[in-house]
Amino acid sequence: MKFYSTNKKSPAVDLEEAIMNGLAPDGGLYMPEAIPKLTNDFFNRASSLSFQDIAFEVGKNFFMPVIPENVLRIMVQESFNFDVPIVKLDKHLHVLELFHGPTCAFKDFAARFMARLFGFFAERAQKEITILVATSGDTGSAVAHGFLNVIGVKVIILYPSGKVSPLQEKQLTGMGENITALEIQGTFDDCQKLAKQAFLDRELRQKINLASANSINVARLLPQSFYYVYLCAQLNDKKLPIVVSVPSGNFGNLTAGVIAKKMGSPIAKFVAATNSNDVVPKYLRTGNFRPIPSVSTISNAMDVGNPSNFARMLDLYANDVEKMRTDIFGISFSDVATRGAILDVFQKYRYIMDPHGAVAYLGLQDFLNKSKGYSGIFLETAHPAKFFEEVENVIKESVSMPDRLKSYLEREKRAFLLKNEFSELKNFLLQ
Ligand SMILES: *Cc1c(COP(=O)(O)O)cnc(C)c1O
């Protein structure tokens with residue numbers, strides 16, 4: 001399988017180059033040259049397959065033969081060693097819980113699998129790879145955990161000093177081993193700018209094998225398609241057409257869903273649910289895409305004003321907003337509505353949503369109110385305990401914290417404090 005750039009000005013490359021480059025040289029995002037079709041035979045037996053079996057069957061179309069069959073088996077066994085439950089709230093209303101991984105956010109799926117891909121390439125080439133990642137919180141912790149002790153790979157995390165939650169900071173800085181945290185005296189945008197500068201610096205590129213774990217990497221995109229196939233296999237309520245609501249920020253998650261649909265998964269419709277950062281719902285309404293500076297909300301992992309995977313969505317629908325509308329319904333919600341949904345669902349079903357899942361729930365309800373006869377499922381992308389201050393304020397009850405989150409709080413913070421200056425980062429990387 002080759003991977004082409006959405007800008008179509010760089011040549012197609014193989015899996016290793018697509019993953020090591022991150023972004024294509026022409027500034028485009030890599031896409032698989034063909035989207036494999038899963039067979040009817042596969043879907044007939046899929047309901048009896050485990051998540052790992054499904055990940056293997058789907059993944060081999062993209063990753064074999066570059067990744068040998070036995071290696072891919074081990075990769076999916078190790079990456080997806082946690083539950084992926086579907087919870088029924090009502091007759092035609094379900095939740096796919098994607099937060100049972102080690103850091104309690106759905107980013108574990110992609111980060112754990114990507115870490116093993118990088119590990120494979122580091123070993124095969126007998127070289128050390130340094131992953132540089134800027135984070136506003138969740139990505140960094142999933143990456144830190146996913147890459148922990150992967151041989152041949154070092155991870156450097158840049159995070160903005162004082163701008164991540166205390167729990168997130170422990171998740172970023174408490175890992176040790178091959179994970180190093182740099183606390184930057186600046187904002188998230190500054191961290192991102194520093195990382196970009198490093199990728200452009202010729203001396204650094206010559207001396208270090210730098211790679212990016214950020215959401216544009218195709219190694220992060222593809223593993224996210226696995227759980228859409230799995231949900232279609234496992235959902236009991238399939239007589240009606242399926243609509244899946246996805247809480248979206250950079251739109252990697254939704255893009256992976258569209259890829260799963262193109263592989264043949266029986267998903268009739270997607271809801272692109274956002275917070276006030278609503279450039280994609282606006283695009284679906286008006287046909288105009290206008291990036292904005294991001295606005296802060298309580299579903300902060302979706303505070304994105306210029307979604308990086310939008311280029312892939314355009315590519316999948318051949319730049320045709322009409323075509324995109326056939327598959328995707330877009331809608332945005334305020335923080336007030338999000339809090340209201342958390343309370344409603346808690347009172348009605350005793351189910352506790354986090355703010356991101358709540359946005360997806362609202363999007364689904366809006367769609368189902370307008371269109372009858374669907375089986376609805378929304379994605380819950382984070383454990384509510386990750387956002388316990390906000391959630392407890394709304395439901396007036398305490399949210400119990402899973403042991404794996406509690407254990408982070410006992411870790412010791414270890415980070416290097418750096419000024420927001422490229423020379424500081426460069427010296428650090430070269431030493
Ligand atoms: C990153 C994140 C999202 C947004 O996912 P995208 O793929 O960027 O659209 C949603 N919810 C949570 C909890 C996240 O961490």
# chains A, B, ... in the order shown; residues from 1 in each chain; ligands from 1
$ select_by_dssp --residues "range 90-145 of chain A" --states "helix (DSSP H, G or I)" --output "ChimeraX atom specification"
/A:107-125,138-145
$ closest_atom_pairs --of "range 242-284 of chain A" --to "range 329-350 of chain A" --cutoff "6 Å" --atoms "only C-alpha atoms" --output "tab-separated table"
residue	atom	partner	partner_atom	distance
A:Val271	CA	A:Phe329	CA	4.8
A:Ala272	CA	A:Gly330	CA	4.6
A:Ala273	CA	A:Ile331	CA	5.2
A:Thr274	CA	A:Ser332	CA	4.6
A:Asn275	CA	A:Phe333	CA	4.9
A:Ser276	CA	A:Ser334	CA	5.7
A:Asp278	CA	A:Ser332	CA	5.8
A:Pro281	CA	A:Gly330	CA	4.2
$ residues_near_ligand --ligand "ligand 1" --cutoff "10 Å" --atoms "only C-alpha atoms and all ligand atoms" --output "ChimeraX atom specification"
/A:98-99,104-108,136-139,141-142,215-216,220-221,224,246-256,272-274,299-304,307-310,354-357,359-360,379-384,386-387
$ write_last_selection --atoms "C-alpha atoms" --output "PDB file, in the first residue's frame"
ATOM      1  CA  LEU A  98     -13.492   4.442  24.238  1.00  0.00           C
ATOM      2  CA  PHE A  99     -11.879   5.447  27.547  1.00  0.00           C
ATOM      3  CA  CYS A 104      -8.672   7.070  30.126  1.00  0.00           C
ATOM      4  CA  ALA A 105      -9.025   8.804  26.751  1.00  0.00           C
ATOM      5  CA  PHE A 106      -9.684   7.420  23.270  1.00  0.00           C
ATOM      6  CA  LYS A 107      -6.275   8.695  22.126  1.00  0.00           C
ATOM      7  CA  ASP A 108      -4.840   5.530  23.699  1.00  0.00           C
ATOM      8  CA  SER A 136      -2.200  20.858  25.399  1.00  0.00           C
ATOM      9  CA  GLY A 137      -2.780  17.818  27.627  1.00  0.00           C
ATOM     10  CA  ASP A 138      -4.468  14.652  26.369  1.00  0.00           C
ATOM     11  CA  THR A 139      -2.298  13.814  23.369  1.00  0.00           C
ATOM     12  CA  SER A 141      -0.314  11.716  28.108  1.00  0.00           C
ATOM     13  CA  ALA A 142      -1.542   9.084  25.639  1.00  0.00           C
ATOM     14  CA  SER A 215      -2.689  13.899  14.890  1.00  0.00           C
ATOM     15  CA  ILE A 216      -1.797  14.337  11.244  1.00  0.00           C
ATOM     16  CA  ARG A 220      -2.557   7.683  14.319  1.00  0.00           C
ATOM     17  CA  LEU A 221      -5.391   7.924  11.847  1.00  0.00           C
ATOM     18  CA  GLN A 224      -8.974   4.653  14.867  1.00  0.00           C
ATOM     19  CA  VAL A 246     -18.442  11.787  17.038  1.00  0.00           C
ATOM     20  CA  PRO A 247     -17.235  14.560  19.393  1.00  0.00           C
ATOM     21  CA  SER A 248     -14.770  16.371  17.166  1.00  0.00           C
ATOM     22  CA  GLY A 249     -11.847  18.795  17.349  1.00  0.00           C
ATOM     23  CA  ASN A 250      -9.121  17.979  14.851  1.00  0.00           C
ATOM     24  CA  PHE A 251     -11.470  15.527  13.122  1.00  0.00           C
ATOM     25  CA  GLY A 252      -9.060  12.587  13.079  1.00  0.00           C
ATOM     26  CA  ASN A 253     -11.651  10.438  14.818  1.00  0.00           C
ATOM     27  CA  LEU A 254     -14.426  11.279  12.367  1.00  0.00           C
ATOM     28  CA  THR A 255     -12.117  10.877   9.356  1.00  0.00           C
ATOM     29  CA  ALA A 256     -11.271   7.365  10.553  1.00  0.00           C
ATOM     30  CA  ALA A 272     -19.921  15.815  13.498  1.00  0.00           C
ATOM     31  CA  ALA A 273     -20.572  17.272  16.960  1.00  0.00           C
ATOM     32  CA  THR A 274     -18.439  20.195  18.104  1.00  0.00           C
ATOM     33  CA  SER A 299     -14.625  20.161  26.288  1.00  0.00           C
ATOM     34  CA  ASN A 300     -11.117  21.507  25.850  1.00  0.00           C
ATOM     35  CA  ALA A 301      -9.645  18.630  23.843  1.00  0.00           C
ATOM     36  CA  MET A 302     -11.905  19.852  21.035  1.00  0.00           C
ATOM     37  CA  ASP A 303     -10.869  23.516  21.182  1.00  0.00           C
ATOM     38  CA  VAL A 304      -9.548  23.609  17.646  1.00  0.00           C
ATOM     39  CA  PRO A 307      -8.952  21.266  12.261  1.00  0.00           C
ATOM     40  CA  SER A 308      -5.899  19.543  10.838  1.00  0.00           C
ATOM     41  CA  ASN A 309      -7.760  16.564   9.379  1.00  0.00           C
ATOM     42  CA  PHE A 310     -10.186  18.682   7.376  1.00  0.00           C
ATOM     43  CA  ASP A 354     -17.671  13.682  30.365  1.00  0.00           C
ATOM     44  CA  PRO A 355     -18.026  17.043  28.546  1.00  0.00           C
ATOM     45  CA  HIS A 356     -16.757  15.626  25.219  1.00  0.00           C
ATOM     46  CA  GLY A 357     -19.162  12.687  25.214  1.00  0.00           C
ATOM     47  CA  VAL A 359     -21.362  17.142  23.044  1.00  0.00           C
ATOM     48  CA  ALA A 360     -21.676  13.931  21.020  1.00  0.00           C
ATOM     49  CA  LEU A 379     -18.705   7.941  21.201  1.00  0.00           C
ATOM     50  CA  GLU A 380     -17.591   8.659  24.773  1.00  0.00           C
ATOM     51  CA  THR A 381     -13.965   9.708  24.318  1.00  0.00           C
ATOM     52  CA  ALA A 382     -12.847  10.376  27.902  1.00  0.00           C
ATOM     53  CA  HIS A 383     -13.593   8.995  31.347  1.00  0.00           C
ATOM     54  CA  PRO A 384     -15.662  11.544  33.312  1.00  0.00           C
ATOM     55  CA  LYS A 386     -10.608  13.154  33.855  1.00  0.00           C
ATOM     56  CA  PHE A 387     -12.879  16.194  34.095  1.00  0.00           C
TER      57      PHE A 387
END
$ residues_around --residues "range 144-156 of chain A" --least-positions-apart "2" --cutoff "7 Å" --atoms "only C-alpha atoms" --output "list in words"
Asp108, Ala111, Arg112, Ala115, Gly119, Ala122, Glu123, Lys127, Glu128, Ile129, Thr130, Ile131, Leu132, Val133, Gly140, Ser141, Ala142, Leu158, Leu172, Glu177, Asn178, Ile179, Thr180 and Ala181 of chain A
$ write_last_selection --atoms "N, CA, C and O atoms" --output "compact mmCIF listing (two decimals), in the first residue's frame"
# COMPACT_ATOMS: atom_id res chain seq x y z
N ASP A 108 -5.64 6.73 23.44
CA ASP A 108 -4.84 5.53 23.70
C ASP A 108 -4.83 4.57 22.51
O ASP A 108 -3.82 3.94 22.23
N ALA A 111 -2.36 6.03 19.94
CA ALA A 111 -1.00 6.22 20.46
C ALA A 111 -0.31 4.88 20.72
O ALA A 111 0.87 4.71 20.41
N ARG A 112 -1.05 3.92 21.24
CA ARG A 112 -0.43 2.63 21.56
C ARG A 112 -0.02 1.88 20.28
O ARG A 112 1.04 1.25 20.22
N ALA A 115 2.97 3.72 18.56
CA ALA A 115 4.23 3.50 19.28
C ALA A 115 4.89 2.22 18.79
O ALA A 115 6.10 2.15 18.59
N GLY A 119 8.40 1.63 16.91
CA GLY A 119 9.34 0.67 17.51
C GLY A 119 9.83 -0.33 16.46
O GLY A 119 11.02 -0.66 16.39
N ALA A 122 12.27 1.45 14.11
CA ALA A 122 13.54 1.73 14.80
C ALA A 122 14.39 0.47 14.85
O ALA A 122 15.59 0.50 14.58
N GLU A 123 13.76 -0.64 15.15
CA GLU A 123 14.51 -1.89 15.26
C GLU A 123 15.01 -2.36 13.89
O GLU A 123 16.16 -2.76 13.75
N LYS A 127 18.19 2.11 14.29
CA LYS A 127 18.46 3.52 14.56
C LYS A 127 17.55 3.98 15.69
O LYS A 127 16.51 3.35 15.95
N GLU A 128 17.97 5.05 16.32
CA GLU A 128 17.12 5.59 17.37
C GLU A 128 16.23 6.67 16.76
O GLU A 128 16.68 7.52 16.00
N ILE A 129 14.94 6.64 17.11
CA ILE A 129 13.99 7.64 16.64
C ILE A 129 13.61 8.53 17.82
O ILE A 129 13.38 8.04 18.92
N THR A 130 13.59 9.84 17.58
CA THR A 130 13.14 10.77 18.62
C THR A 130 11.81 11.37 18.21
O THR A 130 11.71 12.02 17.16
N ILE A 131 10.80 11.10 19.01
CA ILE A 131 9.47 11.65 18.74
C ILE A 131 9.33 12.97 19.48
O ILE A 131 9.57 13.05 20.68
N LEU A 132 8.96 14.00 18.74
CA LEU A 132 8.76 15.31 19.35
C LEU A 132 7.27 15.62 19.28
O LEU A 132 6.68 15.56 18.20
N VAL A 133 6.67 15.92 20.43
CA VAL A 133 5.23 16.17 20.40
C VAL A 133 4.87 17.34 21.30
O VAL A 133 5.32 17.43 22.45
N GLY A 140 -0.40 14.34 24.77
CA GLY A 140 0.89 14.07 25.41
C GLY A 140 0.81 12.90 26.37
O GLY A 140 1.71 12.06 26.40
N SER A 141 -0.27 12.81 27.14
CA SER A 141 -0.31 11.72 28.11
C SER A 141 -0.51 10.38 27.41
O SER A 141 0.10 9.39 27.79
N ALA A 142 -1.36 10.34 26.37
CA ALA A 142 -1.54 9.08 25.64
C ALA A 142 -0.24 8.67 24.95
O ALA A 142 0.12 7.50 24.95
N LEU A 158 6.55 18.57 24.69
CA LEU A 158 6.55 20.00 25.02
C LEU A 158 5.16 20.38 25.53
O LEU A 158 4.18 20.15 24.82
N LEU A 172 1.97 13.61 32.17
CA LEU A 172 3.02 13.97 31.20
C LEU A 172 4.42 13.81 31.76
O LEU A 172 5.34 13.44 31.06
N GLU A 177 11.85 6.90 32.32
CA GLU A 177 12.36 5.98 31.29
C GLU A 177 12.69 6.74 30.00
O GLU A 177 13.43 7.71 30.07
N ASN A 178 12.08 6.33 28.89
CA ASN A 178 12.40 6.97 27.60
C ASN A 178 11.53 8.20 27.30
O ASN A 178 11.51 8.69 26.18
N ILE A 179 10.81 8.67 28.29
CA ILE A 179 9.90 9.80 28.09
C ILE A 179 10.45 11.03 28.84
O ILE A 179 10.68 10.97 30.05
N THR A 180 10.67 12.13 28.12
CA THR A 180 11.16 13.35 28.73
C THR A 180 10.14 14.47 28.53
O THR A 180 9.64 14.66 27.42
N ALA A 181 9.84 15.19 29.61
CA ALA A 181 8.87 16.29 29.50
C ALA A 181 9.62 17.63 29.57
O ALA A 181 10.48 17.83 30.42
$ atom_distance --atom1 "CA of Leu231 in chain A" --atom2 "CA of Ile328 in chain A"
18.0 Å
$ atom_distance --atom1 "CA of Arg205 in chain A" --atom2 "CA of Ser5 in chain A"
21.2 Å
$ closest_residue --among "A:Lys8, A:Lys396, A:Lys419, A:Lys2" --to "Ala311 in chain A" --atoms "only C-alpha atoms"
A:Lys8
$ closest_residue --among "A:Asn44, A:Ser165, A:Ser79, A:Asn214" --to "Leu23 in chain A" --atoms "only C-alpha atoms"
A:Asn214
$ atom_distance --atom1 "CA of Pro85 in chain A" --atom2 "CA of Glu97 in chain A"
5.6 Å
$ closest_residue --among "A:Phe388, A:Tyr361, A:Leu409, A:Asn277" --to "Ser296 in chain A" --atoms "only C-alpha atoms"
A:Asn277
$ residues_around --residues "Ser10 in chain A" --least-positions-apart "3" --cutoff "7 Å" --atoms "only C-alpha atoms" --output "ChimeraX atom specification"
/A:5,24-26
$ residues_around --residues "Tyr408 in chain A" --least-positions-apart "6" --cutoff "9 Å" --atoms "only C-alpha atoms" --output "PyMOL selection string"
chain A and resi 167-168+170-171+174-175
$ closest_residue --among "A:Asn81, A:Asn369, A:Ser423, A:Thr39" --to "Asn61 in chain A" --atoms "only C-alpha atoms"
A:Thr39
$ select_by_dssp --residues "range 283-392 of chain A" --states "strand (DSSP E or B)" --output "PyMOL selection string"
chain A and resi 328-332+375-380+382
$ write_last_selection --atoms "C-alpha atoms" --output "PDB file, in the first residue's frame"
ATOM      1  CA  ILE A 328     -22.247  13.833   7.686  1.00  0.00           C
ATOM      2  CA  PHE A 329     -24.554  16.053   9.676  1.00  0.00           C
ATOM      3  CA  GLY A 330     -22.751  18.863  11.544  1.00  0.00           C
ATOM      4  CA  ILE A 331     -23.844  20.687  14.688  1.00  0.00           C
ATOM      5  CA  SER A 332     -22.261  22.644  17.555  1.00  0.00           C
ATOM      6  CA  SER A 375     -30.291   3.321  15.746  1.00  0.00           C
ATOM      7  CA  GLY A 376     -28.121   5.926  17.471  1.00  0.00           C
ATOM      8  CA  ILE A 377     -24.725   5.515  19.088  1.00  0.00           C
ATOM      9  CA  PHE A 378     -22.388   8.197  20.383  1.00  0.00           C
ATOM     10  CA  LEU A 379     -18.705   7.941  21.201  1.00  0.00           C
ATOM     11  CA  GLU A 380     -17.591   8.659  24.773  1.00  0.00           C
ATOM     12  CA  ALA A 382     -12.847  10.376  27.902  1.00  0.00           C
TER      13      ALA A 382
END
$ closest_residue --among "A:Ser48, A:Ile352, A:Tyr230, A:Gln431" --to "Glu392 in chain A" --atoms "only C-alpha atoms"
A:Ile352
$ closest_residue --among "A:Phe43, A:Phe416, A:Phe80, A:Phe121" --to "Tyr159 in chain A" --atoms "only C-alpha atoms"
A:Phe416
